[in-house]
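upload_37.txt follows; it contains compact mmCIF, C-alpha atoms.
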# COMPACT_ATOMS: atom_id res chain seq x y z
CA MET A 562 33.32 278.41 151.59
CA ASN A 563 33.43 281.37 153.97
CA HIS A 564 35.12 284.18 152.04
CA ARG A 565 35.66 286.36 155.12
CA ILE A 566 37.60 283.58 156.82
CA MET A 567 39.45 282.78 153.62
CA GLU A 568 40.59 286.42 153.48
CA GLN A 569 41.97 286.10 157.01
CA TYR A 570 43.94 283.03 155.97
CA LYS A 571 45.15 284.90 152.89
CA LYS A 572 46.54 287.66 155.13
CA LEU A 573 48.52 284.94 156.92
CA GLY A 574 50.01 283.68 153.66
CA ILE A 575 47.64 280.81 152.82
CA SER A 576 46.80 280.59 149.11
CA PRO A 577 43.26 279.77 147.91
CA GLU A 578 44.47 276.37 146.69
CA VAL A 579 45.87 275.36 150.08
CA TYR A 580 42.84 276.77 151.88
CA ALA A 581 40.58 274.65 149.65
CA VAL A 582 42.52 271.51 150.62
CA GLY A 583 41.94 272.34 154.27
CA GLU A 584 38.22 272.94 153.88
CA LYS A 585 37.70 269.72 151.93
CA THR A 586 39.62 267.71 154.53
CA GLU A 587 37.83 269.28 157.49
CA GLU A 588 34.43 268.59 155.98
CA LYS A 589 35.06 264.86 155.77
CA LEU A 590 36.33 264.73 159.38
CA LYS A 591 33.14 265.98 161.05
CA GLU A 592 32.22 262.62 162.61
CA ARG A 593 35.79 262.00 163.75
CA PHE A 594 35.96 265.41 165.38
CA ALA A 595 32.62 264.82 167.12
CA ALA A 596 34.02 261.63 168.70
CA ILE A 597 37.09 263.56 169.92
CA ASP A 598 34.78 266.17 171.47
CA GLU A 599 32.86 263.42 173.27
CA THR A 600 36.04 262.11 174.90
CA ALA A 601 36.96 265.67 175.89
CA GLU A 602 33.56 266.13 177.52
CA PHE A 603 33.98 262.93 179.54
CA ASN A 604 37.44 263.95 180.72
CA GLN A 605 36.36 267.51 181.48
CA LEU A 606 33.71 266.18 183.85
CA LYS A 607 36.27 263.83 185.42
CA VAL A 608 38.60 266.75 186.17
CA ILE A 609 35.80 268.88 187.62
CA ALA A 610 34.65 265.97 189.80
CA ALA A 611 38.16 265.56 191.21
CA MET A 612 38.39 269.28 191.95
CA GLN A 613 35.00 269.36 193.64
CA LYS A 614 35.71 266.23 195.69
CA ASN A 615 38.86 267.83 197.08
CA ARG A 616 37.19 271.18 197.77
CA VAL A 617 39.44 273.35 195.63
CA SER A 618 39.06 276.93 196.86
CA ALA A 619 40.51 280.37 196.18
CA GLU A 620 42.83 279.81 199.14
CA CYS A 621 44.53 277.08 197.14
CA PHE A 622 46.01 279.76 194.89
CA ASN A 623 47.91 281.50 197.68
CA ILE A 624 51.67 281.88 197.40
CA SER A 625 54.07 279.88 199.55
CA SER A 626 57.81 280.50 199.83
CA GLY A 627 60.84 279.17 201.66
CA TYR A 628 60.25 275.65 202.89
CA GLY A 629 56.64 275.68 201.70
CA TYR A 630 55.30 274.01 204.85
CA ASN A 631 51.50 273.54 204.99
CA ASP A 632 50.96 274.68 201.40
CA ILE A 633 47.24 273.88 201.08
CA GLY A 634 47.19 274.56 197.33
CA ARG A 635 50.08 272.20 196.60
CA ASP A 636 48.71 269.42 198.81
CA THR A 637 45.17 269.74 197.45
CA LEU A 638 46.43 269.73 193.86
CA GLU A 639 48.24 266.46 194.47
CA ARG A 640 45.03 264.90 195.80
CA VAL A 641 43.21 266.18 192.71
CA TYR A 642 45.81 264.55 190.43
CA ALA A 643 45.60 261.28 192.37
CA ASP A 644 41.81 261.15 192.02
CA CYS A 645 41.79 262.33 188.42
CA PHE A 646 44.30 259.71 187.23
CA GLY A 647 43.25 256.89 189.56
CA GLY A 648 46.24 256.79 191.93
CA GLU A 649 46.71 256.49 195.69
CA ASP A 650 49.03 259.51 195.83
CA ALA A 651 50.66 262.10 193.60
CA LEU A 652 53.71 264.35 193.37
CA VAL A 653 53.02 267.46 191.26
CA ARG A 654 55.82 269.98 191.56
CA PRO A 655 57.40 272.94 189.78
CA GLN A 656 60.76 271.62 191.06
CA ILE A 657 60.43 268.79 188.50
CA THR A 658 61.96 270.54 185.51
CA CYS A 659 60.74 268.43 182.57
CA GLY A 660 59.42 265.05 181.51
CA THR A 661 62.89 263.48 181.43
CA HIS A 662 63.51 264.73 184.97
CA ALA A 663 60.20 263.25 186.13
CA LEU A 664 61.08 259.87 184.60
CA ALA A 665 64.61 259.92 186.01
CA LEU A 666 63.19 260.80 189.43
CA ALA A 667 60.69 257.93 189.32
CA LEU A 668 63.36 255.44 188.23
CA MET A 669 66.15 256.54 190.56
CA SER A 670 63.86 256.61 193.58
CA ASN A 671 62.34 253.18 193.05
CA LEU A 672 65.43 251.24 191.93
CA ARG A 673 68.38 250.19 194.08
CA PRO A 674 71.89 248.90 193.28
CA GLY A 675 71.64 245.37 191.93
CA ASP A 676 68.14 245.87 190.52
CA GLU A 677 67.39 245.53 186.83
CA LEU A 678 65.20 247.82 184.72
CA LEU A 679 63.33 246.21 181.82
CA SER A 680 61.81 247.92 178.79
CA PRO A 681 59.43 245.47 177.07
CA VAL A 682 58.54 247.96 174.31
CA GLY A 683 61.95 248.45 172.71
CA LYS A 684 64.35 251.36 172.80
CA PRO A 685 63.35 254.20 175.13
CA TYR A 686 63.10 257.86 174.17
CA ASP A 687 66.50 259.38 173.30
CA THR A 688 66.90 261.50 176.45
CA LEU A 689 66.39 258.45 178.68
CA GLU A 690 69.41 256.68 177.19
CA GLU A 691 71.75 258.79 179.31
CA VAL A 692 69.50 258.45 182.37
CA ILE A 693 69.70 254.66 182.08
CA GLY A 694 73.34 254.58 180.98
CA ILE A 695 72.81 253.11 177.51
CA ARG A 696 74.92 256.09 176.49
CA PRO A 697 77.42 256.75 179.29
CA SER A 698 76.58 259.83 181.37
CA LYS A 699 77.40 261.13 184.82
CA GLY A 700 74.87 260.04 187.44
CA SER A 701 73.20 257.39 185.25
CA LEU A 702 71.49 254.32 186.68
CA ALA A 703 74.40 252.25 185.37
CA GLU A 704 76.83 254.19 187.59
CA TYR A 705 74.79 253.05 190.59
CA GLY A 706 74.91 249.38 189.63
CA ILE A 707 71.43 249.20 188.10
CA THR A 708 71.34 247.08 184.96
CA TYR A 709 69.10 247.41 181.94
CA SER A 710 67.38 244.89 179.71
CA GLN A 711 65.26 245.46 176.61
CA VAL A 712 62.81 243.39 174.59
CA ASP A 713 61.90 244.80 171.20
CA LEU A 714 58.38 244.74 169.85
CA LEU A 715 57.60 242.20 167.16
CA PRO A 716 57.67 243.38 163.51
CA ASP A 717 53.90 243.94 163.57
CA GLY A 718 54.20 246.20 166.64
CA SER A 719 52.81 243.66 169.11
CA PHE A 720 54.44 242.55 172.37
CA ASP A 721 56.98 239.74 172.34
CA PHE A 722 55.47 237.96 175.33
CA GLU A 723 57.86 235.01 175.23
CA GLY A 724 60.83 237.35 174.99
CA ILE A 725 59.50 239.34 177.96
CA ARG A 726 59.01 236.16 180.00
CA SER A 727 62.60 235.13 179.28
CA ALA A 728 63.96 238.59 180.15
CA ILE A 729 62.32 238.78 183.57
CA ASN A 730 64.63 237.45 186.27
CA ASP A 731 65.15 237.65 190.03
CA ARG A 732 66.74 241.12 189.72
CA THR A 733 63.95 242.62 187.61
CA ARG A 734 62.51 245.32 189.82
CA LEU A 735 60.79 247.76 187.49
CA VAL A 736 59.28 247.58 184.01
CA THR A 737 59.11 250.86 182.10
CA ILE A 738 56.42 251.19 179.44
CA GLN A 739 56.66 254.12 177.07
CA ARG A 740 53.14 254.91 175.90
CA SER A 741 54.09 257.21 173.04
CA ARG A 742 56.54 256.35 170.27
CA GLY A 743 59.25 258.96 170.84
CA TYR A 744 61.44 259.23 167.75
CA SER A 745 60.56 255.75 166.53
CA SER A 746 57.94 254.56 164.06
CA ARG A 747 56.29 252.02 166.31
CA PRO A 748 52.59 252.41 167.11
CA THR A 749 51.57 254.30 170.22
CA LEU A 750 50.19 251.97 172.88
CA SER A 751 46.53 252.16 173.81
CA VAL A 752 45.53 252.04 177.46
CA ASP A 753 44.01 248.59 176.89
CA GLN A 754 47.29 247.33 175.39
CA ILE A 755 49.17 248.70 178.39
CA GLY A 756 46.72 246.88 180.66
CA GLU A 757 47.36 243.62 178.79
CA LEU A 758 51.13 244.05 179.19
CA VAL A 759 50.88 244.96 182.88
CA SER A 760 48.66 241.94 183.53
CA PHE A 761 51.19 239.68 181.82
CA VAL A 762 54.12 241.04 183.84
CA LYS A 763 52.18 240.84 187.12
CA GLY A 764 51.25 237.26 186.25
CA ILE A 765 54.94 236.39 186.29
CA ARG A 766 55.86 238.40 189.39
CA GLN A 767 53.35 240.50 191.28
CA ASP A 768 56.04 242.59 192.99
CA ILE A 769 57.48 244.08 189.79
CA ILE A 770 56.71 247.81 189.56
CA CYS A 771 55.04 248.72 186.26
CA MET A 772 55.75 252.36 185.38
CA VAL A 773 54.21 254.11 182.37
CA ASP A 774 55.78 257.08 180.64
CA ASN A 775 52.45 258.82 180.07
CA CYS A 776 53.80 261.82 178.14
CA TYR A 777 51.53 262.97 175.29
CA GLY A 778 48.81 260.47 176.26
CA GLU A 779 46.88 262.16 179.08
CA PHE A 780 43.17 262.74 178.32
CA VAL A 781 43.40 261.23 174.83
CA GLU A 782 41.27 258.31 176.01
CA GLU A 783 38.68 258.07 178.76
CA LYS A 784 40.91 255.68 180.74
CA GLU A 785 44.46 256.17 182.02
CA PRO A 786 47.12 253.47 182.65
CA LEU A 787 46.50 253.37 186.42
CA ASP A 788 42.93 252.30 185.62
CA VAL A 789 44.28 249.09 184.03
CA GLY A 790 46.78 248.07 186.72
CA ALA A 791 49.91 250.19 186.26
CA ASP A 792 51.68 251.12 189.52
CA MET A 793 52.94 254.54 188.49
CA ILE A 794 52.46 257.06 185.67
CA VAL A 795 54.86 259.89 184.93
CA GLY A 796 54.63 262.99 182.79
CA SER A 797 55.36 266.65 182.16
CA LEU A 798 53.12 269.61 182.96
CA ILE A 799 54.24 271.46 179.82
CA LYS A 800 52.60 268.69 177.82
CA ASN A 801 48.96 267.56 178.02
CA PRO A 802 47.97 267.97 181.69
CA GLY A 803 49.29 271.53 182.00
CA GLY A 804 46.78 272.70 179.41
CA GLY A 805 49.26 275.25 178.04
CA LEU A 806 49.14 277.32 181.24
CA ALA A 807 51.59 275.45 183.48
CA PRO A 808 54.91 277.27 183.06
CA VAL A 809 57.03 274.37 184.34
CA GLY A 810 56.70 271.12 186.26
CA GLY A 811 56.13 267.40 186.18
CA TYR A 812 54.06 264.76 187.94
CA ILE A 813 54.25 261.23 189.30
CA VAL A 814 50.97 259.51 190.25
CA GLY A 815 50.40 255.99 191.50
CA LYS A 816 50.95 253.68 194.46
CA LYS A 817 51.66 255.56 197.68
CA GLU A 818 55.03 253.89 198.25
CA CYS A 819 56.25 254.70 194.73
CA VAL A 820 55.24 258.35 195.08
CA GLU A 821 56.77 258.65 198.57
CA ASN A 822 60.04 257.23 197.28
CA ALA A 823 60.05 259.86 194.54
CA ALA A 824 59.29 262.66 197.01
CA TYR A 825 62.21 261.68 199.25
CA ARG A 826 64.49 261.65 196.22
CA LEU A 827 63.22 265.01 194.93
CA THR A 828 63.74 266.79 198.25
CA SER A 829 65.53 264.85 201.00
CA PRO A 830 65.12 261.74 203.16
CA GLY A 831 63.01 262.76 206.12
CA LEU A 832 61.42 265.72 204.30
CA GLY A 833 59.66 264.27 201.27
CA LYS A 834 56.40 265.95 200.29
CA GLU A 835 56.35 268.26 203.31
CA VAL A 836 58.56 270.87 201.64
CA GLY A 837 58.59 272.59 198.27
CA ALA A 838 57.26 276.11 197.84
CA SER A 839 54.75 276.78 195.06
CA LEU A 840 56.06 280.33 194.46
CA GLY A 841 52.76 281.61 193.14
CA ILE A 842 52.27 279.34 190.14
CA THR A 843 49.76 276.91 191.67
CA GLN A 844 46.79 278.66 190.05
CA SER A 845 48.32 278.00 186.62
CA PHE A 846 48.58 274.31 187.51
CA TYR A 847 44.92 274.14 188.53
CA GLN A 848 43.61 276.15 185.61
CA GLY A 849 45.82 274.28 183.15
CA LEU A 850 44.49 270.94 184.38
CA PHE A 851 40.96 272.30 184.12
CA LEU A 852 41.52 273.26 180.47
CA ALA A 853 43.59 270.20 179.57
CA PRO A 854 40.82 267.96 178.15
CA THR A 855 39.71 270.70 175.74
CA VAL A 856 43.28 271.59 174.77
CA VAL A 857 44.12 267.92 174.16
CA SER A 858 41.06 267.58 171.93
CA ALA A 859 42.30 270.53 169.83
CA ALA A 860 45.72 268.89 169.46
CA LEU A 861 44.09 265.59 168.48
CA LYS A 862 42.05 267.27 165.78
CA GLY A 863 45.22 268.84 164.41
CA ALA A 864 46.95 265.44 164.34
CA VAL A 865 44.05 263.79 162.50
CA PHE A 866 43.86 266.74 160.09
CA ALA A 867 47.59 266.48 159.32
CA ALA A 868 47.44 262.70 158.85
CA ASN A 869 44.64 262.97 156.33
CA ILE A 870 46.20 265.76 154.27
CA PHE A 871 49.76 264.46 154.14
CA GLY A 872 48.67 260.84 153.83
CA GLU A 873 46.64 261.67 150.73
CA LEU A 874 49.66 263.49 149.32
CA GLY A 875 51.56 260.20 149.43
CA PHE A 876 53.70 260.66 152.53
CA SER A 877 53.97 257.91 155.11
CA VAL A 878 51.97 259.00 158.16
CA ILE A 879 51.83 257.19 161.51
CA PRO A 880 49.08 256.79 162.61
CA ASP A 881 47.29 257.02 159.29
CA GLY A 882 44.19 259.13 158.78
CA LEU A 883 41.79 256.37 159.86
CA GLN A 884 43.55 254.70 162.79
CA SER A 885 42.53 255.24 166.41
CA ARG A 886 44.58 257.73 168.45
CA HIS A 887 46.32 257.09 171.75
CA ASP A 888 48.54 260.18 171.95
CA ILE A 889 48.67 263.63 170.35
CA ILE A 890 51.73 262.99 168.16
CA GLN A 891 51.56 262.71 164.39
CA GLU A 892 54.57 261.34 162.53
CA ILE A 893 55.11 262.33 158.91
CA GLU A 894 58.03 260.81 157.00
CA PHE A 895 59.44 263.07 154.29
CA HIS A 896 62.46 260.93 153.24
CA GLY A 897 64.58 264.00 152.67
CA PRO A 898 65.71 267.09 154.56
CA ASP A 899 64.17 269.72 152.25
CA ALA A 900 60.53 268.81 152.82
CA MET A 901 61.17 268.14 156.52
CA LEU A 902 62.67 271.58 157.07
CA ALA A 903 59.96 273.26 154.98
CA PHE A 904 57.29 271.67 157.15
CA CYS A 905 58.97 272.90 160.34
CA GLU A 906 59.34 276.39 158.86
CA GLY A 907 55.59 276.41 158.28
CA ILE A 908 54.81 275.45 161.88
CA GLN A 909 57.13 278.20 163.13
CA ALA A 910 55.65 280.77 160.75
CA ALA A 911 52.14 279.99 162.06
CA ALA A 912 53.10 280.79 165.66
CA ALA A 913 51.90 283.78 167.64
CA VAL A 914 55.34 283.96 169.29
CA ASP A 915 58.61 284.05 167.29
CA SER A 916 56.81 283.59 163.98
CA TYR A 917 59.66 285.39 162.18
CA VAL A 918 62.29 282.86 163.30
CA THR A 919 63.59 280.15 160.96
CA PRO A 920 64.18 276.85 162.82
CA GLU A 921 67.65 275.40 162.27
CA PRO A 922 68.94 271.91 163.16
CA TRP A 923 71.29 271.83 166.14
CA ALA A 924 73.05 269.43 168.50
CA MET A 925 70.52 269.32 171.33
CA PRO A 926 71.58 267.90 174.72
CA GLY A 927 70.42 264.30 175.18
CA TYR A 928 70.13 263.42 171.47
CA ASP A 929 72.53 261.46 169.24
CA SER A 930 72.00 263.56 166.09
CA GLU A 931 71.08 267.09 165.15
CA VAL A 932 67.44 267.92 165.85
CA VAL A 933 65.23 270.57 164.27
CA MET A 934 62.54 272.04 166.50
CA ALA A 935 59.77 274.42 165.52
CA ALA A 936 57.91 275.90 168.46
CA GLY A 937 56.74 279.46 168.79
CA ALA A 938 55.50 278.89 172.31
CA PHE A 939 54.34 280.99 175.25
CA VAL A 940 56.16 278.46 177.48
CA GLN A 941 59.61 277.43 176.30
CA GLY A 942 59.60 273.82 175.10
CA SER A 943 55.88 273.37 175.68
CA SER A 944 54.88 270.60 173.29
CA ILE A 945 51.17 270.87 174.05
CA GLU A 946 51.52 274.11 172.10
CA LEU A 947 51.79 273.96 168.31
CA SER A 948 55.18 272.41 167.61
CA ALA A 949 57.09 269.99 165.41
CA ASP A 950 60.48 268.39 165.76
CA GLY A 951 62.59 265.51 164.57
CA PRO A 952 66.15 264.23 164.17
CA LEU A 953 67.86 265.22 160.94
CA LYS A 954 68.51 261.69 159.74
CA PRO A 955 66.64 259.09 157.65
CA PRO A 956 63.71 258.70 157.28
CA TYR A 957 63.60 262.48 157.95
CA ALA A 958 60.45 262.16 160.00
CA VAL A 959 58.72 265.10 161.62
CA PHE A 960 56.82 264.57 164.85
CA PHE A 961 54.02 267.12 164.94
CA GLN A 962 52.01 267.79 168.07
CA GLY A 963 50.03 270.33 169.99
CA GLY A 964 47.85 273.32 169.36
CA LEU A 965 46.13 275.09 172.23
CA THR A 966 43.14 275.62 169.93
CA TRP A 967 41.97 273.65 166.91
CA TYR A 968 42.11 276.79 164.79
CA HIS A 969 45.77 277.33 165.55
CA ALA A 970 46.57 273.68 164.81
CA LYS A 971 44.71 274.02 161.51
CA LEU A 972 46.65 277.15 160.58
CA GLY A 973 49.95 275.42 161.40
CA ILE A 974 49.21 272.49 159.11
CA LEU A 975 48.04 274.74 156.27
CA LYS A 976 51.10 276.96 156.66
CA SER A 977 53.37 273.91 156.45
CA LEU A 978 51.54 272.67 153.40
CA GLN A 979 51.91 276.15 151.90
CA LYS A 980 55.70 276.04 152.37
CA LEU A 981 55.94 272.69 150.59
CA TYR A 982 53.58 273.87 147.83
CA GLU A 983 55.58 277.04 147.16
CA ARG A 984 58.78 275.01 146.82
CA ASP A 985 57.22 272.45 144.43
CA LEU A 986 57.72 269.69 146.98
CA VAL A 987 54.08 268.55 146.78
CA ASN A 988 51.37 268.40 144.14
CA ILE A 989 48.05 269.38 145.73
CA GLY A 990 46.06 269.44 142.52
CA LYS A 991 44.22 266.19 143.24
CA LEU A 992 43.18 267.40 146.72
CA CYS A 993 41.77 270.82 145.76
As a first step, turn the structure in this file into C-alpha cells.
Amino acid sequence: MNHRIMEQYKKLGISPEVYAVGEKTEEKLKERFAAIDETAEFNQLKVIAAMQKNRVSAECFNISSGYGYNDIGRDTLERVYADCFGGEDALVRPQITCGTHALALALMSNLRPGDELLSPVGKPYDTLEEVIGIRPSKGSLAEYGITYSQVDLLPDGSFDFEGIRSAINDRTRLVTIQRSRGYSSRPTLSVDQIGELVSFVKGIRQDIICMVDNCYGEFVEEKEPLDVGADMIVGSLIKNPGGGLAPVGGYIVGKKECVENAAYRLTSPGLGKEVGASLGITQSFYQGLFLAPTVVSAALKGAVFAANIFGELGFSVIPDGLQSRHDIIQEIEFHGPDAMLAFCEGIQAAAAVDSYVTPEPWAMPGYDSEVVMAAGAFVQGSSIELSADGPLKPPYAVFFQGGLTWYHAKLGILKSLQKLYERDLVNIGKLC
C-alpha cells in the first residue's frame, strides 16, 4: 500500500477503509486491465493509420467561417472517420448538436412518408421516443406518416428472430439497432451480435437499411458495426470518439447514399456536405479522435472496477464483474432513492469542475420521469467524462460511465462508495 498516494486520497475525503477496498479490487483486476489496454493499443494504431492515409496536416486545423466552402480540415476529417470506422463516407459536424440530433438526422433523411421503422431490440432510448412519435411531439416521424414497429428481445436477452421475420413487411425501410442499453437492463450488444442481426435482416430483404446507434460503444472492441455489415452508424462527439476534447458535434458514417441523404437534410437540398463552417474547433475533433482509444480504455477500467466493488457488496450490476464489455456504461441497481442519490453525489464530489454542487433530480426534456445527473464536466453533458445518471423510479438504477483518465474514474467510484459508507447504506467490512 502506497502511503503517499493514500494520503492524497485522504485529502479528497477517502477513508482508509474505502481506500483499502479499492486497492484490493484493483489488484485482482490486473489481467482484465491488461486486456483492455491491448484493445486500446489496436484501436490507437487504427486511428493513426487513418490519419496518415488521409495526410492530416497542420493546414487541416485552419479556421473556416461563413459558408465553409473548401474546408480542407472538415473534408479530411470526414475521410478519416470513414476509414477509421469502415464506411464509404462520413458526416462529422459541429452543427450536429448531440447524439439524439444525429440519430434524428439519420432517420429523417433516410425515411420517407409511408415507410416503416423497425426496432428489433425493444424500446429505444427515452429521447428517441419523441423523435419517432411514440410520445407525441412536434416534427416527429409519425407526423410525416412514418410508422414504427418494435420487437422486444426474448427474456434471456437474445433476438426474437421469428418475431422480427413477422414484423418485416413491404413498408419496412430501416431497422434501428441500439448497441447500448439506454435506461433499460438489457445486455449491451456485441459487434458480433449486431452482425448476426444484420445478416438475418439482410437475408429477408437486402434493401433494408440497417442503422446502429453506436453511442458509448466506439473503440470498446477492435471491430465496429460497419465491419459486420451495418449500413450506417451514428453517434455523438461528446461521447467516446471525441476523446473529451470535442466541445460539440455528432457523426454519421456508412454507405455513401445514407450519408449524402443526411448531409442534404442537415444543410439543404443542393448544398449537402459542401457547406458548414468549422469555426476553429476542427483541431479538437482531430485530437479528440486521436486520444479516444486511450480515453475509452480508462472509462472501461472504471466500469469494471465499479462492477466488481458494488457487485461484491450485493447490488445488482449489469454487466457483472466478469462479463465481457461492449460499451462503457455500468448499471448499478440500488432499489431505493437514498443510495442512488448518494452514489451520484459521490461522482459529482470527485469532479474537477463543479465538485461543490449537489445533483438534484429534475424534469429533463425528452424523459418521462425525473432524472438525476452527476457530471462535473469540462464540456457540458459530455458523458465520456466521469458522470452518472438515471431516472428516479424503480429499480433506482444508476448508469455510470466515463472518466478521461483511469485515476479519475477510480476516484469517482471510491468517492461514491465513501458517501454510501458514511450514511450506513453499505457494509464494506468483508471487502477491506
Item checked: Shell of 7 Å around segment 814-824 of chain A, all atoms listed in the file, local chain residues under 2 positions omitted, as a ChimeraX atom specification -> /A:643,648-652,666-667,670-671,787,792-795,812,826-828,833-834
Margin query: Counting only C-alpha atoms, which residue out of A:Gly811, A:Gly872, A:Gly805, A:Gly583 sits closest to Cys776 of chain A?
Written below: A:Gly811
Notebook entry, point to check: For Thr855 of chain A, which of A:Tyr744, A:Trp967, A:Phe646, A:Tyr628 is the closest residue, counting all atoms listed in the file?
Noted result: A:Trp967
Item checked: For Pro854 of chain A: contacts at 7 Å, only C-alpha atoms, fewer than 3 positions along chain excluded, given as a PyMOL selection string -> chain A and resi 601+604-605+780+857-858
Residues just named, written with C-alpha atoms as a PDB file, in the frame of the given file:
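See result18.pdb below for the written result:
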ATOM      1  CA  ALA A 601      36.960 265.670 175.890  1.00  0.00           C
ATOM      2  CA  ASN A 604      37.440 263.950 180.720  1.00  0.00           C
ATOM      3  CA  GLN A 605      36.360 267.510 181.480  1.00  0.00           C
ATOM      4  CA  PHE A 780      43.170 262.740 178.320  1.00  0.00           C
ATOM      5  CA  VAL A 857      44.120 267.920 174.160  1.00  0.00           C
ATOM      6  CA  SER A 858      41.060 267.580 171.930  1.00  0.00           C
TER       7      SER A 858
END
Check: If I put a ball of radius 10 Å at (59.1, 275.5, 159.7) in the file's coordinates, which residues poke into it when counting all atoms listed in the file, written as a ChimeraX atom specification?
Finding: /A:900-912,916,918-921,933-936,948-950,973,976-977,980
Note to self: Using Å and a single decimal, report how far atom CA of Lys991 of chain A sits from atom CA of Ser576 of chain A.
What the structure shows: 15.8 Å
Next item on the list: Quick one: everything within 7 Å of segment 706-712 of chain A, counting only C-alpha atoms, minus sequence neighbours fewer than 5 positions away in the same chain. Send it as a list in words.
Entry: Arg673, Pro674, Gly675, Asp676, Glu677, Leu678, Leu679, Ser680, Pro681, Val682, Gly683, Gly724 and Ile725 of chain A
Item checked: Among the residues A:Ala853, A:Ala807, A:Ile893, A:Leu975, the one that comes closest to Gly875 of chain A [using all atoms listed in the file] ->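 Once distances to Gly875 of chain A are computed over all atoms listed in the file, the minimum belongs to A:Ile893.
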Margin query: Just to confirm, what's the straight-line distance from atom CA of Leu806 of chain A to atom CA of Gly882 of chain A in Å (one decimal)?
Written below: 29.3 Å
Note to self: Counting only C-alpha atoms, which residue out of A:Ile609, A:Leu573, A:Ala864, A:Cys621 sits closest to Leu852 of chain A?
What the structure shows: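 Between A:Ile609, A:Leu573, A:Ala864, A:Cys621, the residue approaching Leu852 of chain A most closely is A:Ile609.
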Item checked: Point-to-point distance in Å for atom CA of Ile889 of chain A and atom CA of Gly863 of chain A ->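 Interatomic distance here is 8.6 Å.
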Margin query: Within 12 Å of (42.1, 271.0, 164.7) (file coordinates; only C-alpha atoms), which protein or nucleic acid residues are there? I'd like them as a PyMOL selection string.
Written below: chain A and resi 583-584+586-588+590-591+593-595+597-598+855-869+889+947+962-975
Let me see the file: selected residues, C-alpha atoms, as a PDB file, in the coordinates of the input.
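Here's the written file selection01.pdb:
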ATOM      1  CA  GLY A 583      41.940 272.340 154.270  1.00  0.00           C
ATOM      2  CA  GLU A 584      38.220 272.940 153.880  1.00  0.00           C
ATOM      3  CA  THR A 586      39.620 267.710 154.530  1.00  0.00           C
ATOM      4  CA  GLU A 587      37.830 269.280 157.490  1.00  0.00           C
ATOM      5  CA  GLU A 588      34.430 268.590 155.980  1.00  0.00           C
ATOM      6  CA  LEU A 590      36.330 264.730 159.380  1.00  0.00           C
ATOM      7  CA  LYS A 591      33.140 265.980 161.050  1.00  0.00           C
ATOM      8  CA  ARG A 593      35.790 262.000 163.750  1.00  0.00           C
ATOM      9  CA  PHE A 594      35.960 265.410 165.380  1.00  0.00           C
ATOM     10  CA  ALA A 595      32.620 264.820 167.120  1.00  0.00           C
ATOM     11  CA  ILE A 597      37.090 263.560 169.920  1.00  0.00           C
ATOM     12  CA  ASP A 598      34.780 266.170 171.470  1.00  0.00           C
ATOM     13  CA  THR A 855      39.710 270.700 175.740  1.00  0.00           C
ATOM     14  CA  VAL A 856      43.280 271.590 174.770  1.00  0.00           C
ATOM     15  CA  VAL A 857      44.120 267.920 174.160  1.00  0.00           C
ATOM     16  CA  SER A 858      41.060 267.580 171.930  1.00  0.00           C
ATOM     17  CA  ALA A 859      42.300 270.530 169.830  1.00  0.00           C
ATOM     18  CA  ALA A 860      45.720 268.890 169.460  1.00  0.00           C
ATOM     19  CA  LEU A 861      44.090 265.590 168.480  1.00  0.00           C
ATOM     20  CA  LYS A 862      42.050 267.270 165.780  1.00  0.00           C
ATOM     21  CA  GLY A 863      45.220 268.840 164.410  1.00  0.00           C
ATOM     22  CA  ALA A 864      46.950 265.440 164.340  1.00  0.00           C
ATOM     23  CA  VAL A 865      44.050 263.790 162.500  1.00  0.00           C
ATOM     24  CA  PHE A 866      43.860 266.740 160.090  1.00  0.00           C
ATOM     25  CA  ALA A 867      47.590 266.480 159.320  1.00  0.00           C
ATOM     26  CA  ALA A 868      47.440 262.700 158.850  1.00  0.00           C
ATOM     27  CA  ASN A 869      44.640 262.970 156.330  1.00  0.00           C
ATOM     28  CA  ILE A 889      48.670 263.630 170.350  1.00  0.00           C
ATOM     29  CA  LEU A 947      51.790 273.960 168.310  1.00  0.00           C
ATOM     30  CA  GLN A 962      52.010 267.790 168.070  1.00  0.00           C
ATOM     31  CA  GLY A 963      50.030 270.330 169.990  1.00  0.00           C
ATOM     32  CA  GLY A 964      47.850 273.320 169.360  1.00  0.00           C
ATOM     33  CA  LEU A 965      46.130 275.090 172.230  1.00  0.00           C
ATOM     34  CA  THR A 966      43.140 275.620 169.930  1.00  0.00           C
ATOM     35  CA  TRP A 967      41.970 273.650 166.910  1.00  0.00           C
ATOM     36  CA  TYR A 968      42.110 276.790 164.790  1.00  0.00           C
ATOM     37  CA  HIS A 969      45.770 277.330 165.550  1.00  0.00           C
ATOM     38  CA  ALA A 970      46.570 273.680 164.810  1.00  0.00           C
ATOM     39  CA  LYS A 971      44.710 274.020 161.510  1.00  0.00           C
ATOM     40  CA  LEU A 972      46.650 277.150 160.580  1.00  0.00           C
ATOM     41  CA  GLY A 973      49.950 275.420 161.400  1.00  0.00           C
ATOM     42  CA  ILE A 974      49.210 272.490 159.110  1.00  0.00           C
ATOM     43  CA  LEU A 975      48.040 274.740 156.270  1.00  0.00           C
TER      44      LEU A 975
END
Check: Which residues come within 12 Å of Glu690 of chain A, counting only C-alpha atoms, excluding same-chain residues fewer than 2 positions away, as JSON, numbers by chain?
Finding: {"A": [661, 664, 665, 680, 683, 684, 685, 686, 687, 688, 692, 693, 694, 695, 696, 697, 698, 699, 701, 702, 703, 709, 711, 926, 927, 928, 929]}
Next item on the list: Name the closest residue to Val940 of chain A among the candidates A:Leu638, A:Val914, A:Met925, A:Val752; distances are taken between atoms, counting only C-alpha atoms.
Entry: A:Val914
Checklist line | Contacts of Asn623 of chain A within 9 Å, all atoms listed in the file, excl. fewer than 4 positions in-chain, as a PyMOL selection string | finding: chain A and resi 619+632-634+839-844
Next item on the list: Compare A:Tyr982, A:Ser719, A:Ser829, A:Val759 by their minimum atom-to-atom distance to Leu874 of chain A, counting all atoms listed in the file, and give me the closest one.
Entry: A:Tyr982
Write out as lines of an AutoDock Vina configuration file an axis-aligned box for segment 844-849 of chain A: all of its atoms listed in the file, 4 Å added on each side, centre and edge lengths in Å with one decimal.
center_x = 46.1
center_y = 276.4
center_z = 186.6
size_x = 13.0
size_y = 12.5
size_z = 14.9
